[in-house]
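Novice: As input, take data-v6.csv (CSV, C-alpha atoms):
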chain,number,residue,atom,x,y,z
M,40,MET,CA,-49.7,-28.1,-24.8
M,41,GLN,CA,-46.9,-26.3,-26.6
M,42,LEU,CA,-45.8,-27.4,-30.1
M,43,LEU,CA,-42.1,-27.0,-30.8
M,44,GLU,CA,-40.3,-27.3,-34.1
M,45,GLN,CA,-37.1,-28.1,-32.3
M,46,ALA,CA,-36.7,-28.4,-28.5
M,47,GLN,CA,-33.7,-26.3,-27.6
M,48,ASP,CA,-33.4,-26.8,-23.9
M,49,GLY,CA,-33.4,-30.0,-22.0
M,50,VAL,CA,-31.7,-33.4,-21.6
M,51,ARG,CA,-32.7,-35.7,-24.4
M,52,LEU,CA,-33.3,-39.4,-23.5
M,53,THR,CA,-34.9,-42.2,-25.3
M,54,VAL,CA,-37.9,-43.9,-23.6
M,55,SER,CA,-35.9,-47.1,-23.5
M,56,THR,CA,-33.4,-45.5,-21.1
M,57,PRO,CA,-33.6,-47.3,-17.7
M,58,GLU,CA,-36.1,-45.6,-15.4
M,59,ASN,CA,-33.5,-45.0,-12.7
M,60,ASP,CA,-31.3,-43.1,-15.2
M,61,ILE,CA,-34.3,-41.0,-16.3
M,62,ARG,CA,-35.2,-40.2,-12.7
M,63,ALA,CA,-31.6,-39.3,-12.0
M,64,ALA,CA,-31.6,-36.9,-14.9
M,65,ALA,CA,-34.9,-35.4,-13.8
M,66,ALA,CA,-33.4,-34.7,-10.4
M,67,ALA,CA,-30.6,-32.6,-12.0
M,68,ASN,CA,-32.5,-30.9,-14.8
M,69,ASP,CA,-35.4,-28.5,-15.3
M,70,SER,CA,-36.3,-29.9,-18.6
M,71,LEU,CA,-36.4,-33.4,-20.1
M,72,ILE,CA,-37.0,-34.5,-23.7
M,73,LEU,CA,-38.3,-38.1,-23.9
M,74,GLU,CA,-37.9,-39.5,-27.4
M,75,PHE,CA,-40.4,-42.2,-28.4
M,76,GLU,CA,-38.7,-44.8,-30.6
M,77,ALA,CA,-41.9,-46.3,-32.0
M,78,PHE,CA,-45.5,-45.2,-32.6
M,79,ARG,CA,-47.8,-46.4,-29.8
M,80,ASP,CA,-44.8,-47.0,-27.5
M,81,GLY,CA,-46.3,-46.9,-24.0
M,82,ARG,CA,-43.1,-46.5,-22.1
M,83,GLY,CA,-42.9,-42.8,-22.6
M,84,PHE,CA,-46.4,-42.3,-21.1
M,85,SER,CA,-45.5,-44.5,-18.2
M,86,LEU,CA,-42.2,-42.6,-17.6
M,87,ALA,CA,-44.0,-39.3,-17.6
M,88,ALA,CA,-46.6,-40.5,-15.1
M,89,VAL,CA,-43.9,-41.9,-12.8
M,90,LEU,CA,-41.9,-38.7,-12.9
M,91,ARG,CA,-45.0,-36.6,-12.1
M,92,GLY,CA,-46.0,-39.0,-9.4
M,93,HIS,CA,-42.6,-38.5,-7.7
M,94,GLY,CA,-43.0,-34.8,-7.7
M,95,TYR,CA,-41.1,-33.7,-10.8
M,96,ARG,CA,-42.2,-30.2,-11.7
M,97,GLY,CA,-39.8,-29.5,-14.5
M,98,ARG,CA,-40.7,-29.4,-18.2
M,99,LEU,CA,-41.5,-32.7,-20.0
M,100,ILE,CA,-41.2,-32.7,-23.8
M,101,ALA,CA,-42.4,-35.6,-26.0
M,102,ALA,CA,-40.3,-36.1,-29.2
M,103,GLY,CA,-39.9,-38.8,-31.8
M,104,LYS,CA,-42.6,-41.1,-33.0
M,105,VAL,CA,-45.8,-39.6,-31.5
M,106,LEU,CA,-49.1,-39.0,-33.3
M,107,PRO,CA,-51.7,-36.1,-33.0
M,108,ASP,CA,-54.3,-38.5,-31.6
M,109,GLN,CA,-52.0,-39.1,-28.6
M,110,ALA,CA,-52.1,-35.4,-27.6
M,111,ARG,CA,-54.8,-35.9,-24.9
M,112,HIS,CA,-52.9,-38.8,-23.4
M,113,LEU,CA,-49.6,-37.0,-23.5
M,114,ARG,CA,-51.1,-34.1,-21.6
M,115,ARG,CA,-52.8,-36.4,-19.1
M,116,CYS,CA,-49.6,-38.2,-18.3
M,117,GLY,CA,-47.8,-34.9,-17.7
M,118,PHE,CA,-46.1,-33.7,-20.9
M,119,ASP,CA,-46.0,-30.0,-21.4
M,120,ALA,CA,-44.9,-29.8,-25.0
M,121,VAL,CA,-44.3,-31.9,-28.2
M,122,GLU,CA,-41.4,-31.6,-30.6
M,123,LEU,CA,-43.0,-31.9,-34.0
M,124,ALA,CA,-41.4,-34.3,-36.5
M,125,PRO,CA,-40.4,-32.8,-39.9
M,126,GLY,CA,-43.5,-32.3,-42.0
M,127,ALA,CA,-45.9,-32.9,-39.1
M,128,ASP,CA,-49.3,-31.2,-39.3
M,129,ALA,CA,-49.4,-28.7,-36.5
M,130,ALA,CA,-53.0,-27.9,-37.0
M,131,ALA,CA,-53.9,-31.5,-36.4
M,132,TRP,CA,-52.0,-31.5,-33.1
M,133,ARG,CA,-53.8,-28.3,-32.1
M,134,ARG,CA,-57.2,-29.7,-32.8
M,135,MET,CA,-56.6,-32.9,-30.8
M,136,ASP,CA,-55.0,-31.0,-27.9
M,137,GLN,CA,-58.0,-28.7,-27.7
M,138,VAL,CA,-60.5,-31.5,-27.3
M,139,PHE,CA,-59.5,-31.8,-23.6
M,140,SER,CA,-57.3,-29.3,-21.8
M,141,ALA,CA,-57.1,-31.1,-18.4
M,142,ALA,CA,-57.7,-34.5,-16.9
M,143,TYR,CA,-60.2,-35.2,-14.2
M,144,GLN,CA,-59.5,-38.9,-14.0
M,145,PRO,CA,-56.2,-40.6,-13.4
M,146,ALA,CA,-54.0,-41.6,-16.3
M,147,GLY,CA,-51.4,-44.1,-15.1
M,148,GLY,CA,-51.2,-42.4,-11.7
M,149,ASP,CA,-50.1,-39.0,-13.0
M,150,ASP,CA,-50.0,-36.0,-10.7
M,151,ARG,CA,-51.6,-33.5,-12.9
M,152,LEU,CA,-55.3,-33.9,-12.1
M,153,VAL,CA,-57.3,-30.8,-12.0
M,154,TRP,CA,-58.3,-31.4,-8.3
M,155,ARG,CA,-54.7,-31.8,-7.3
M,156,GLN,CA,-53.6,-28.8,-9.4
M,157,ARG,CA,-56.1,-26.6,-7.6
M,158,HIS,CA,-55.4,-27.7,-4.0
M,159,ALA,CA,-52.0,-29.5,-3.5
M,160,PRO,CA,-49.6,-26.7,-4.3
M,161,ALA,CA,-51.1,-24.3,-1.8
M,162,ALA,CA,-48.9,-25.2,1.2
M,163,GLU,CA,-45.8,-25.5,-1.0
M,164,ASP,CA,-46.4,-22.0,-2.5
M,165,ALA,CA,-46.8,-20.5,1.0
M,166,ALA,CA,-43.5,-22.0,2.1
M,167,ALA,CA,-41.8,-20.7,-1.0
M,168,GLN,CA,-43.2,-17.2,-0.6
M,169,ASP,CA,-42.1,-17.2,3.1
M,170,ALA,CA,-38.6,-18.2,2.0
M,171,ARG,CA,-38.5,-15.5,-0.6
M,172,ASN,CA,-39.7,-12.9,1.9
M,173,LEU,CA,-37.1,-14.0,4.4
M,174,ALA,CA,-34.3,-13.9,1.8
M,175,ALA,CA,-35.2,-10.4,0.8
M,176,ARG,CA,-35.3,-9.2,4.4
M,177,LEU,CA,-31.9,-10.8,5.2
M,178,ASN,CA,-30.3,-9.4,2.1
M,179,ALA,CA,-31.5,-5.9,3.1
M,180,GLN,CA,-30.2,-6.3,6.6
M,181,TRP,CA,-27.0,-8.3,6.3
M,182,ALA,CA,-25.8,-8.4,2.6
M,183,ASP,CA,-23.2,-5.8,3.3
M,184,ALA,CA,-22.3,-6.9,6.8
M,185,ASP,CA,-19.2,-8.6,8.0
M,186,THR,CA,-19.3,-12.2,6.9
M,187,GLU,CA,-19.0,-13.6,10.4
M,188,ASP,CA,-21.8,-11.4,11.7
M,189,LEU,CA,-23.9,-12.6,8.7
M,190,LEU,CA,-23.4,-16.2,9.8
M,191,ARG,CA,-24.2,-15.4,13.4
M,192,ALA,CA,-27.4,-13.7,12.2
M,193,VAL,CA,-28.6,-16.7,10.2
M,194,LEU,CA,-27.6,-19.2,12.8
M,195,ASP,CA,-29.2,-17.3,15.7
M,196,PRO,CA,-31.7,-19.7,17.4
M,197,ALA,CA,-34.2,-16.8,17.5
M,198,LEU,CA,-34.5,-17.1,13.8
M,199,GLY,CA,-36.0,-20.5,14.2
M,200,ARG,CA,-34.2,-22.2,11.3
M,201,ARG,CA,-32.7,-25.7,11.0
M,202,SER,CA,-29.4,-25.1,9.2
M,203,ALA,CA,-26.7,-27.2,7.7
M,204,ALA,CA,-23.6,-26.4,5.5
M,205,VAL,CA,-22.7,-28.2,2.3
M,206,SER,CA,-18.9,-28.4,1.6
M,207,SER,CA,-16.9,-30.1,-1.1
M,208,PHE,CA,-13.7,-29.8,1.0
M,209,GLY,CA,-12.2,-28.4,-2.2
M,210,ALA,CA,-9.7,-25.7,-3.1
M,211,GLU,CA,-11.3,-22.9,-1.2
M,212,ALA,CA,-13.5,-24.7,1.3
M,213,ALA,CA,-11.3,-23.9,4.3
M,214,VAL,CA,-12.4,-20.3,4.4
M,215,LEU,CA,-16.1,-21.0,4.9
M,216,LEU,CA,-15.4,-23.9,7.2
M,217,HIS,CA,-13.1,-21.7,9.3
M,218,LEU,CA,-15.8,-19.1,9.7
M,219,ILE,CA,-18.3,-21.7,10.7
M,220,SER,CA,-15.9,-23.1,13.3
M,221,ARG,CA,-15.7,-19.7,14.8
M,222,VAL,CA,-19.4,-19.2,15.0
M,223,GLN,CA,-20.9,-22.7,15.5
M,224,PRO,CA,-18.4,-25.6,15.3
M,225,ASP,CA,-21.2,-28.2,15.9
M,226,LEU,CA,-23.1,-27.1,12.8
M,227,PRO,CA,-23.9,-30.1,10.6
M,228,VAL,CA,-21.6,-30.0,7.5
M,229,VAL,CA,-22.5,-32.3,4.7
M,230,PHE,CA,-19.8,-33.8,2.5
M,231,LEU,CA,-20.9,-35.8,-0.5
M,232,GLU,CA,-18.7,-38.9,-0.6
M,233,THR,CA,-19.4,-39.7,-4.2
M,234,GLY,CA,-17.0,-42.7,-4.4
M,235,GLN,CA,-15.1,-40.9,-7.1
M,236,HIS,CA,-13.1,-38.2,-5.2
M,237,PHE,CA,-9.4,-37.8,-5.5
M,238,PHE,CA,-7.6,-39.5,-2.6
M,239,GLN,CA,-6.2,-36.1,-1.8
M,240,THR,CA,-9.7,-34.8,-1.2
M,241,LEU,CA,-10.6,-37.5,1.3
M,242,ALA,CA,-7.3,-36.9,3.2
M,243,TYR,CA,-7.9,-33.2,3.2
M,244,ARG,CA,-11.5,-33.6,4.5
M,245,ARG,CA,-10.1,-35.5,7.5
M,246,GLU,CA,-7.3,-33.0,8.1
M,247,LEU,CA,-9.4,-29.9,7.8
M,248,ALA,CA,-12.3,-31.2,10.0
M,249,GLU,CA,-9.8,-32.1,12.7
M,250,ARG,CA,-7.8,-28.9,12.4
M,251,LEU,CA,-11.0,-26.7,12.7
M,252,ALA,CA,-12.6,-29.0,15.4
M,253,LEU,CA,-15.8,-29.4,13.4
M,254,THR,CA,-17.8,-31.9,15.4
M,255,ASP,CA,-20.6,-32.9,13.0
M,256,VAL,CA,-19.2,-33.5,9.5
M,257,ARG,CA,-21.4,-36.0,7.7
M,258,ASP,CA,-20.1,-38.2,4.9
M,259,ILE,CA,-23.0,-38.9,2.6
M,260,ALA,CA,-22.7,-41.7,0.1
M,261,PRO,CA,-24.9,-42.6,-2.9
M,262,ASP,CA,-27.4,-45.4,-2.4
M,263,ALA,CA,-25.7,-48.7,-3.1
M,264,ASP,CA,-28.8,-50.3,-4.7
M,265,THR,CA,-29.3,-47.3,-7.0
M,266,LEU,CA,-25.7,-47.4,-8.1
M,267,SER,CA,-25.8,-51.1,-8.8
M,268,VAL,CA,-28.6,-50.4,-11.3
M,269,SER,CA,-27.7,-47.0,-12.8
M,270,ASP,CA,-23.9,-47.2,-12.6
M,271,PRO,CA,-22.7,-50.8,-12.1
M,272,ARG,CA,-19.4,-50.2,-13.8
M,273,GLY,CA,-18.7,-46.8,-12.3
M,274,ASP,CA,-18.5,-45.1,-15.7
M,275,LEU,CA,-21.8,-43.3,-15.9
M,276,TRP,CA,-19.8,-40.0,-15.9
M,277,ARG,CA,-18.5,-40.9,-19.3
M,278,ARG,CA,-21.8,-41.4,-21.1
M,279,ALA,CA,-24.3,-39.3,-19.0
M,280,PRO,CA,-22.5,-36.8,-16.7
M,281,ASP,CA,-25.7,-35.2,-15.6
M,282,ALA,CA,-27.2,-38.5,-14.5
M,283,CYS,CA,-24.0,-39.4,-12.7
M,284,CYS,CA,-24.1,-36.2,-10.7
M,285,ALA,CA,-27.8,-36.8,-10.0
M,286,VAL,CA,-27.2,-40.3,-8.5
M,287,ARG,CA,-24.0,-39.5,-6.7
M,288,LYS,CA,-24.7,-36.0,-5.5
M,289,VAL,CA,-28.2,-34.5,-6.1
M,290,GLN,CA,-30.2,-37.4,-4.7
M,291,PRO,CA,-28.0,-38.2,-1.7
M,292,LEU,CA,-27.9,-34.5,-0.8
M,293,ALA,CA,-31.7,-34.2,-0.9
M,294,GLN,CA,-32.0,-37.1,1.5
M,295,ALA,CA,-29.2,-35.7,3.8
M,296,LEU,CA,-30.8,-32.3,4.0
M,297,ASP,CA,-34.4,-33.5,4.5
M,298,GLY,CA,-35.7,-31.6,7.5
M,299,PHE,CA,-33.3,-28.7,7.2
M,300,ASP,CA,-34.8,-25.5,5.9
M,301,THR,CA,-31.6,-23.5,5.6
M,302,ARG,CA,-28.4,-24.6,3.8
M,303,ILE,CA,-25.1,-22.7,3.7
M,304,THR,CA,-22.8,-22.9,0.7
M,305,GLY,CA,-19.4,-21.6,-0.3
M,306,ARG,CA,-20.4,-20.3,-3.8
M,307,LYS,CA,-18.9,-17.0,-4.9
M,308,ARG,CA,-19.7,-14.6,-7.8
M,309,TYR,CA,-16.2,-14.7,-9.4
M,310,GLN,CA,-16.2,-18.4,-9.9
M,311,ASN,CA,-18.1,-18.4,-13.2
M,312,ARG,CA,-20.7,-16.3,-15.1
M,313,GLN,CA,-23.6,-18.5,-13.8
M,314,ARG,CA,-22.8,-17.2,-10.3
M,315,ALA,CA,-22.1,-13.6,-11.3
M,316,ASP,CA,-25.4,-12.3,-9.8
M,317,LEU,CA,-25.3,-14.5,-6.7
M,318,MET,CA,-26.8,-12.9,-3.6
M,319,PRO,CA,-25.9,-13.8,0.0
M,320,PHE,CA,-29.4,-15.0,0.6
M,321,GLU,CA,-31.6,-16.9,-1.9
M,322,ALA,CA,-34.9,-18.8,-1.8
M,323,VAL,CA,-34.9,-22.1,-3.5
M,324,GLY,CA,-38.4,-23.4,-3.2
M,325,GLY,CA,-39.2,-23.3,0.5
M,326,VAL,CA,-35.5,-23.4,1.5
M,327,LEU,CA,-33.3,-20.5,2.4
M,328,THR,CA,-29.9,-20.8,0.8
M,329,VAL,CA,-27.1,-18.7,2.3
M,330,ASN,CA,-24.0,-17.8,0.4
M,331,PRO,CA,-21.8,-15.9,2.9
M,332,LEU,CA,-18.9,-15.6,0.6
M,333,ALA,CA,-20.9,-14.5,-2.5
M,334,ARG,CA,-19.3,-11.1,-2.7
M,335,TRP,CA,-15.7,-12.1,-1.7
M,336,SER,CA,-13.0,-11.8,-4.4
M,337,ALA,CA,-10.4,-14.3,-5.2
M,338,ASP,CA,-7.8,-12.1,-3.4
M,339,GLN,CA,-9.9,-12.0,-0.3
M,340,ILE,CA,-10.1,-15.8,-0.2
M,341,GLU,CA,-6.4,-16.1,-0.7
M,342,ASN,CA,-5.6,-13.5,2.0
M,343,TRP,CA,-7.8,-15.3,4.5
M,344,LEU,CA,-6.2,-18.6,3.8
M,345,ARG,CA,-2.7,-17.1,4.2
M,346,ASP,CA,-3.5,-14.8,7.2
M,347,HIS,CA,-5.1,-17.7,9.2
M,348,GLN,CA,-2.5,-20.2,8.1
M,349,LEU,CA,-5.2,-22.6,6.9
M,350,PRO,CA,-4.1,-25.9,5.2
M,351,ARG,CA,-4.5,-26.0,1.5
M,352,HIS,CA,-5.9,-28.8,-0.6
M,353,PRO,CA,-2.8,-30.6,-1.9
M,354,LEU,CA,-4.0,-30.4,-5.5
M,355,VAL,CA,-4.1,-26.6,-5.6
M,356,GLU,CA,-0.3,-26.5,-6.2
M,357,GLN,CA,-0.8,-28.9,-9.1
M,358,GLY,CA,-3.0,-26.4,-10.9
M,359,TYR,CA,-6.5,-27.3,-9.6
M,360,PRO,CA,-8.3,-24.2,-8.5
M,361,SER,CA,-11.6,-26.0,-8.4
M,362,ILE,CA,-11.8,-29.7,-7.4
M,363,GLY,CA,-14.6,-32.2,-7.9
M,364,CYS,CA,-14.7,-35.9,-8.8
M,365,TRP,CA,-11.5,-37.1,-10.5
M,366,PRO,CA,-13.1,-38.2,-13.8
M,367,CYS,CA,-14.6,-34.7,-14.5
M,368,THR,CA,-11.8,-32.5,-13.1
M,369,ARG,CA,-8.6,-31.4,-14.7
M,370,ALA,CA,-5.9,-28.8,-14.0
M,371,VAL,CA,-6.4,-25.4,-15.7
M,372,VAL,CA,-3.9,-23.6,-17.8
M,373,ALA,CA,-3.0,-19.9,-18.0
M,374,ASP,CA,-5.9,-17.5,-18.8
M,375,GLU,CA,-8.5,-20.1,-17.9
M,376,GLY,CA,-11.1,-19.5,-15.2
M,377,ALA,CA,-11.1,-21.2,-11.8
M,378,ARG,CA,-13.9,-23.6,-12.8
M,379,ASP,CA,-12.8,-24.2,-16.5
M,380,GLY,CA,-11.3,-27.5,-15.4
M,381,ARG,CA,-14.7,-28.9,-14.3
M,382,TRP,CA,-16.4,-30.9,-17.1
M,383,ALA,CA,-14.0,-29.4,-19.6
M,384,GLY,CA,-15.1,-29.6,-23.2
M,385,GLN,CA,-18.8,-29.9,-22.2
M,386,GLU,CA,-21.6,-27.4,-21.8
M,387,LYS,CA,-22.1,-28.7,-18.3
M,388,THR,CA,-20.9,-26.2,-15.6
M,389,GLU,CA,-22.7,-27.3,-12.4
M,390,CYS,CA,-23.4,-30.6,-10.7
M,391,GLY,CA,-27.0,-29.7,-10.1
M,392,ILE,CA,-27.1,-29.6,-6.3
M,393,HIS,CA,-27.9,-25.8,-6.5
M,394,GLY,CA,-30.7,-26.3,-9.0
M,395,ARG,CA,-34.4,-25.4,-8.7
M,396,THR,CA,-36.1,-28.7,-9.4
M,397,LEU,CA,-35.1,-30.8,-6.5
M,398,ALA,CA,-37.4,-30.2,-3.5
M,399,PRO,CA,-36.8,-29.3,-0.8
M,400,VAL,CA,-33.1,-28.4,-1.1
M,401,CYS,CA,-31.9,-28.3,-4.7
Please express the file's structure as structure tokens.

Specialist:
Amino acid sequence: MQLLEQAQDGVRLTVSTPENDIRAAAAANDSLILEFEAFRDGRGFSLAAVLRGHGYRGRLIAAGKVLPDQARHLRRCGFDAVELAPGADAAAWRRMDQVFSAAYQPAGGDDRLVWRQRHAPAAEDAAAQDARNLAARLNAQWADADTEDLLRAVLDPALGRRSAAVSSFGAEAAVLLHLISRVQPDLPVVFLETGQHFFQTLAYRRELAERLALTDVRDIAPDADTLSVSDPRGDLWRRAPDACCAVRKVQPLAQALDGFDTRITGRKRYQNRQRADLMPFEAVGGVLTVNPLARWSADQIENWLRDHQLPRHPLVEQGYPSIGCWPCTRAVVADEGARDGRWAGQEKTECGIHGRTLAPVC
């Protein structure tokens, strides 16, 4: 187990945080820091075991009031690292951690038993490798091809994939949806109806689907019972935006795309620095992610919208080049990037639906 003087990466939550909020944060993040508020507080151990039991493969870091003699149990319950308190004896932690390096008996139902570690990941690793190989082959064949031809290739029944597109019906969504309508208008298109969209977005979703004759647009809403527990007042975005995205977007999308092994997105390289190296084909776990517009420029998008007389999202003229939920989206000003109005003033730049931790699609 790694010993850290200060955990730099990860969402920090106390172990008294409601379990649903912690699970929502886990769905959206590769690393969690669980802070124990009292010595011998068993909630942190239980939370780690629950997360591992539900398939969380991100990093778990224990922080706060933990003791060296708990090292073995922290490991058994699924923690990868410990953030040492000021003045803590690192040597004592190392001694206790070395007593047992793995668990052969269950500790609270955790999913890190040696037997499971040796055998359970084999099928998953094979699927992930297959997806990586397919992405590499498709990039070599189609990355520089006409976008419509690229779509036809990935949607060819001979490829044997079950595909769906994910669309925000935002400022630039019409381009990808128009291309899809020309290739396969009955392709499932998933729209995350978070319950916090601008009214203009909901009207635009209806207008665009009708205009393009898309016959299988699916409005996916968050689970009502989960919302009643984790966001009963509808203000989770204010205090925990990552958790809000997880419960309103990441989890519903995972359920909506269960059974699909290919998803198509409208992401583009120019949108922000996190997407600068985006490839047309990616492997996310065992899922093939297709970004047909990855290499398009902003001018190409604008020209396509104009040349094909596609309707524009009504908020674009009001200074919204990227549109998400209303609480976390503002208009941009001169010299700002297209996505600078999303989660403005925060380090957050993505909602999490394109992350690595959510199997099988995110």

Novice: List every protein, DNA or RNA residue that has at least one atom no more than 12 Å from (-15.2, -40.0, -5.4) in the file's coordinates, counting only C-alpha atoms, and write the result as a PDB file with C-alpha atoms, in the frame of the given file.

Specialist:
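That gives us part02.pdb:
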ATOM      1  CA  SER M 207     -16.900 -30.100  -1.100  1.00  0.00           C
ATOM      2  CA  PHE M 230     -19.800 -33.800   2.500  1.00  0.00           C
ATOM      3  CA  LEU M 231     -20.900 -35.800  -0.500  1.00  0.00           C
ATOM      4  CA  GLU M 232     -18.700 -38.900  -0.600  1.00  0.00           C
ATOM      5  CA  THR M 233     -19.400 -39.700  -4.200  1.00  0.00           C
ATOM      6  CA  GLY M 234     -17.000 -42.700  -4.400  1.00  0.00           C
ATOM      7  CA  GLN M 235     -15.100 -40.900  -7.100  1.00  0.00           C
ATOM      8  CA  HIS M 236     -13.100 -38.200  -5.200  1.00  0.00           C
ATOM      9  CA  PHE M 237      -9.400 -37.800  -5.500  1.00  0.00           C
ATOM     10  CA  PHE M 238      -7.600 -39.500  -2.600  1.00  0.00           C
ATOM     11  CA  GLN M 239      -6.200 -36.100  -1.800  1.00  0.00           C
ATOM     12  CA  THR M 240      -9.700 -34.800  -1.200  1.00  0.00           C
ATOM     13  CA  LEU M 241     -10.600 -37.500   1.300  1.00  0.00           C
ATOM     14  CA  ASP M 258     -20.100 -38.200   4.900  1.00  0.00           C
ATOM     15  CA  ILE M 259     -23.000 -38.900   2.600  1.00  0.00           C
ATOM     16  CA  ALA M 260     -22.700 -41.700   0.100  1.00  0.00           C
ATOM     17  CA  PRO M 261     -24.900 -42.600  -2.900  1.00  0.00           C
ATOM     18  CA  GLY M 273     -18.700 -46.800 -12.300  1.00  0.00           C
ATOM     19  CA  ASP M 274     -18.500 -45.100 -15.700  1.00  0.00           C
ATOM     20  CA  TRP M 276     -19.800 -40.000 -15.900  1.00  0.00           C
ATOM     21  CA  CYS M 283     -24.000 -39.400 -12.700  1.00  0.00           C
ATOM     22  CA  CYS M 284     -24.100 -36.200 -10.700  1.00  0.00           C
ATOM     23  CA  ARG M 287     -24.000 -39.500  -6.700  1.00  0.00           C
ATOM     24  CA  LYS M 288     -24.700 -36.000  -5.500  1.00  0.00           C
ATOM     25  CA  ILE M 362     -11.800 -29.700  -7.400  1.00  0.00           C
ATOM     26  CA  GLY M 363     -14.600 -32.200  -7.900  1.00  0.00           C
ATOM     27  CA  CYS M 364     -14.700 -35.900  -8.800  1.00  0.00           C
ATOM     28  CA  TRP M 365     -11.500 -37.100 -10.500  1.00  0.00           C
ATOM     29  CA  PRO M 366     -13.100 -38.200 -13.800  1.00  0.00           C
ATOM     30  CA  CYS M 367     -14.600 -34.700 -14.500  1.00  0.00           C
ATOM     31  CA  THR M 368     -11.800 -32.500 -13.100  1.00  0.00           C
TER      32      THR M 368
END

Novice: For each of M:Arg115, M:Glu211, M:Ala192, M:Leu90, take the minimum atom-to-atom distance to Asn342 (chain M), counting all atoms listed in the file, then give the residue where this is smallest.

Specialist: M:Glu211

Novice: Which one of M:Arg314, M:Arg302, M:His217, M:Arg244 sits closest to Gln348 (chain M) if you count all atoms listed in the file?

Specialist: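 So, comparing all the options, the nearest one is M:His217.
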
Novice: Would you pick out the contacts of Arg200 (chain M) at 9 Å or less, using only C-alpha atoms, so that residues sharing its chain but fewer than 3 positions from it are not included, and give the list as a PyMOL selection string?

Specialist: chain M and resi 193-197+299-301

Novice: Looking at all atoms listed in the file, which of M:Ile61, M:Ala167, M:Ala184, M:Leu173 is the one that sits closest to Arg334 (chain M)?

Specialist: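 Among the listed residues, the smallest separation from Arg334 (chain M) belongs to M:Ala184.
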
Novice: For Gly358 (chain M), which of M:Val229, M:Ala248, M:Ala315, M:Ala373 is the closest residue, counting all atoms listed in the file?

Specialist: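 Nearest to Gly358 (chain M): M:Ala373.
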
Novice: So, counting all atoms listed in the file, which residue among M:Ala337, M:Leu344, M:Leu71, M:Val105 is closest to Ala377 (chain M)?

Specialist: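 Among M:Ala337, M:Leu344, M:Leu71, M:Val105, it is M:Ala337 that comes nearest to Ala377 (chain M).
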
Novice: Quick check, in Å to one decimal: how far apart do CA of Glu58 (chain M) and CA of Ala110 (chain M) lie?

Specialist: 22.6 Å

Novice: Rounded to one decimal place, report the CA of Thr304 (chain M)-CA of Ala285 (chain M) distance in Å.

Specialist: 18.2 Å

Novice: Kindly provide, as a ChimeraX atom specification, the polymer residues lying within 12 Å of (-31.3, -30.9, -24.3), counting all atoms listed in the file and using the coordinates exactly as they appear in the file.

Specialist: /M:45-53,64-65,68-74,98-100,102,122,281,386-387

Novice: Could you check how far CA of Ala333 (chain M) sits from CA of Arg306 (chain M), in Å to one decimal?

Specialist: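 A separation of 6.0 Å between them.
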
Novice: Residues at most 8 Å from Val222 (chain M), counting only C-alpha atoms, excluding those fewer than 5 positions away in the same chain, as a PyMOL selection string?

Specialist: chain M and resi 187+190-191
